[in-house]
Amino acid sequence: MFGMSKKIAILGASRGFGRALSLEAAGASKSELLLVSRKQELLTSLKLDVENLGSRASVLCSDFNVKVDQEEVLRVLSDFKPDKVIYCAGGGPHGPYASKKWEDHQWAYNVTFIFAARVLHFCLKNQSFVKQFVAIGSSVCEQSADINAASYSAAKHALLGLHKTVSIEEPTFDFRLFSPSYMDTDMLPPSAPVRLEKKVSSPKAVAMELLYWLEQPGYKNAHMPLSDI
Ligand SMILES: NC(=O)c1ccc[n+]([C@@H]2O[C@H](COP(=O)([O-])OP(=O)(O)OC[C@H]3O[C@@H](n4cnc5c(N)ncnc54)[C@H](OP(=O)(O)O)[C@@H]3O)[C@@H](O)[C@H]2O)c1
């Protein structure tokens, strides 16, 4: 038997912040991780990396923009019974709102907000095993305009709105919103001006900060917006 302390589901695990977080969580303590996102190859290599750090991992390929895939994730979560669920996936099209196809905005809403909100709903209904749900916001755009990223920004505003109310409605459950600033991931284009201004954090450093913060009981139900470095 794997004598373990933590069962963590990371949704949006294969790349960027979710991958860094998976590796930090695996290295910090012996954990059992459920790693979910679309790309099988990346998930398989992440699973090996996690196991080399002494933790255990299972993977699930899923597209959060697809309804049947969403249902499958909830079914697997029911079987896995995580005590912590961290929703990292997010994104959206870049450009003026009207210049982008509706399907691209729908994708942004589904992946950045709708499925996160649905997973929160699942967690609240399954408090017998889930003790903490963590959503990843954005200190860049959840409370202000983000020109050329309207649907992404709207979805992050929605996450913040959800957090404001549910964290009060459900005081015994621990729902946290952690909102990074710019990170060095695929989401940030190589030509992004903030890269030249050296305002970009490493996902590893931000992941370490998140894991430390999650262990602090005084921040139950809190929102943590990070400032630029
Ligand atoms: N990077 C930044 O500057 C920045 C700043 C503030 C906040 N954030 C937030 O931080 C979080 C992580 O962002 P990131 O920079 O790591 O983004 P990223 O590099 O684009 O990675 C996104 C992750 O989500 C998964 N994902 C994307 N679409 C998916 C879908 N349809 N179904 C399932 N999984 C999907 C991707 O895996 P697959 O491709 O395998 O599906 C990947 O693991 C996001 O919530 C983002 O909004 C980022």
# chains A, B, ... in the order shown; residues from 1 in each chain; ligands from 1
>>> select_by_dssp(residues="range 63-129 of chain A", states="alpha helix (DSSP H)", output="number ranges by chain")
A: 67-80, 102-109, 115-125
>>> residues_near_ligand(ligand="ligand 1", cutoff="8 Å", atoms="only C-alpha atoms and all ligand atoms", output="PyMOL selection string")
chain A and resi 11-19+36-40+42-43+61-66+87-91+107+111-112+135-141+152+156+179-188+200+203
>>> residues_around(residues="Val130 in chain A", least_positions_apart="4", cutoff="12 Å", atoms="only C-alpha atoms", output="MDAnalysis selection string")
chainID A and resid 6:9 77:86 119:126 134 172:175
>>> write_last_selection(atoms="N, CA and C atoms", output="short mmCIF file (atom, residue, chain, number, x, y, z; two decimals), in the first residue's frame")
data_model
loop_
_atom_site.label_atom_id
_atom_site.label_comp_id
_atom_site.auth_asym_id
_atom_site.auth_seq_id
_atom_site.Cartn_x
_atom_site.Cartn_y
_atom_site.Cartn_z
N LYS A 6 -1.55 12.71 0.71
CA LYS A 6 -2.38 13.64 -0.05
C LYS A 6 -2.81 13.05 -1.39
N LYS A 7 -4.05 13.29 -1.72
CA LYS A 7 -4.55 12.93 -3.06
C LYS A 7 -4.97 14.22 -3.73
N ILE A 8 -4.27 14.56 -4.78
CA ILE A 8 -4.50 15.86 -5.42
C ILE A 8 -4.86 15.66 -6.89
N ALA A 9 -5.94 16.29 -7.33
CA ALA A 9 -6.29 16.30 -8.76
C ALA A 9 -5.88 17.65 -9.33
N LEU A 77 -13.11 11.70 -11.02
CA LEU A 77 -12.91 12.36 -9.71
C LEU A 77 -13.68 11.62 -8.61
N SER A 78 -14.87 11.15 -8.93
CA SER A 78 -15.68 10.41 -7.94
C SER A 78 -14.95 9.14 -7.51
N ASP A 79 -14.29 8.49 -8.45
CA ASP A 79 -13.56 7.26 -8.12
C ASP A 79 -12.26 7.57 -7.39
N PHE A 80 -11.56 8.61 -7.84
CA PHE A 80 -10.24 8.93 -7.28
C PHE A 80 -10.36 9.49 -5.86
N LYS A 81 -11.41 10.22 -5.59
CA LYS A 81 -11.65 10.83 -4.28
C LYS A 81 -10.48 11.69 -3.79
N PRO A 82 -10.18 12.76 -4.53
CA PRO A 82 -9.08 13.66 -4.09
C PRO A 82 -9.48 14.44 -2.85
N ASP A 83 -8.48 14.78 -2.03
CA ASP A 83 -8.81 15.71 -0.93
C ASP A 83 -8.57 17.16 -1.36
N LYS A 84 -7.85 17.33 -2.48
CA LYS A 84 -7.60 18.68 -2.99
C LYS A 84 -7.77 18.64 -4.52
N VAL A 85 -8.44 19.66 -5.06
CA VAL A 85 -8.59 19.77 -6.52
C VAL A 85 -8.11 21.16 -6.92
N ILE A 86 -7.17 21.19 -7.88
CA ILE A 86 -6.63 22.48 -8.32
C ILE A 86 -6.90 22.61 -9.82
N VAL A 119 -16.67 22.05 -11.70
CA VAL A 119 -15.84 21.22 -10.81
C VAL A 119 -15.99 21.72 -9.36
N LEU A 120 -16.08 23.03 -9.17
CA LEU A 120 -16.35 23.55 -7.83
C LEU A 120 -17.68 22.99 -7.31
N HIS A 121 -18.69 23.00 -8.15
CA HIS A 121 -20.01 22.48 -7.75
C HIS A 121 -19.88 21.01 -7.33
N PHE A 122 -19.13 20.24 -8.11
CA PHE A 122 -18.88 18.83 -7.76
C PHE A 122 -18.20 18.73 -6.39
N CYS A 123 -17.19 19.59 -6.16
CA CYS A 123 -16.44 19.52 -4.90
C CYS A 123 -17.35 19.83 -3.71
N LEU A 124 -18.20 20.84 -3.87
CA LEU A 124 -19.10 21.20 -2.77
C LEU A 124 -20.09 20.08 -2.47
N LYS A 125 -20.45 19.32 -3.50
CA LYS A 125 -21.39 18.20 -3.33
C LYS A 125 -20.68 16.97 -2.78
N ASN A 126 -19.35 16.99 -2.76
CA ASN A 126 -18.59 15.81 -2.33
C ASN A 126 -17.59 16.17 -1.23
N VAL A 134 -9.17 24.79 -5.46
CA VAL A 134 -8.38 25.97 -5.77
C VAL A 134 -8.56 26.30 -7.25
N THR A 172 -17.52 26.50 5.71
CA THR A 172 -16.79 25.33 6.23
C THR A 172 -15.94 24.66 5.15
N PHE A 173 -16.23 24.98 3.87
CA PHE A 173 -15.43 24.42 2.77
C PHE A 173 -14.33 25.41 2.43
N ASP A 174 -13.19 24.91 1.97
CA ASP A 174 -12.05 25.79 1.67
C ASP A 174 -11.92 25.99 0.16
N PHE A 175 -12.48 27.08 -0.34
CA PHE A 175 -12.40 27.43 -1.78
C PHE A 175 -11.48 28.66 -1.90
#
>>> closest_residue(among="A:Pro171, A:Gly161, A:Met224, A:Tyr97", to="Leu210 in chain A", atoms="only C-alpha atoms")
A:Met224
>>> select_by_dssp(residues="range 125-159 of chain A", states="strand (DSSP E)", output="list in words")
Gln132, Phe133, Val134, Ala135 and Ile136 of chain A
>>> write_last_selection(atoms="C-alpha atoms", output="PDB file, in the first residue's frame")
ATOM      1  CA  GLN A 132     -10.150  22.123  -0.746  1.00  0.00           C
ATOM      2  CA  PHE A 133     -10.795  23.508  -4.238  1.00  0.00           C
ATOM      3  CA  VAL A 134      -8.377  25.973  -5.775  1.00  0.00           C
ATOM      4  CA  ALA A 135      -9.069  28.012  -8.911  1.00  0.00           C
ATOM      5  CA  ILE A 136      -6.371  29.917 -10.755  1.00  0.00           C
TER       6      ILE A 136
END
>>> atom_distance(atom1="CA of Asp49 in chain A", atom2="CA of Ala26 in chain A")
8.9 Å
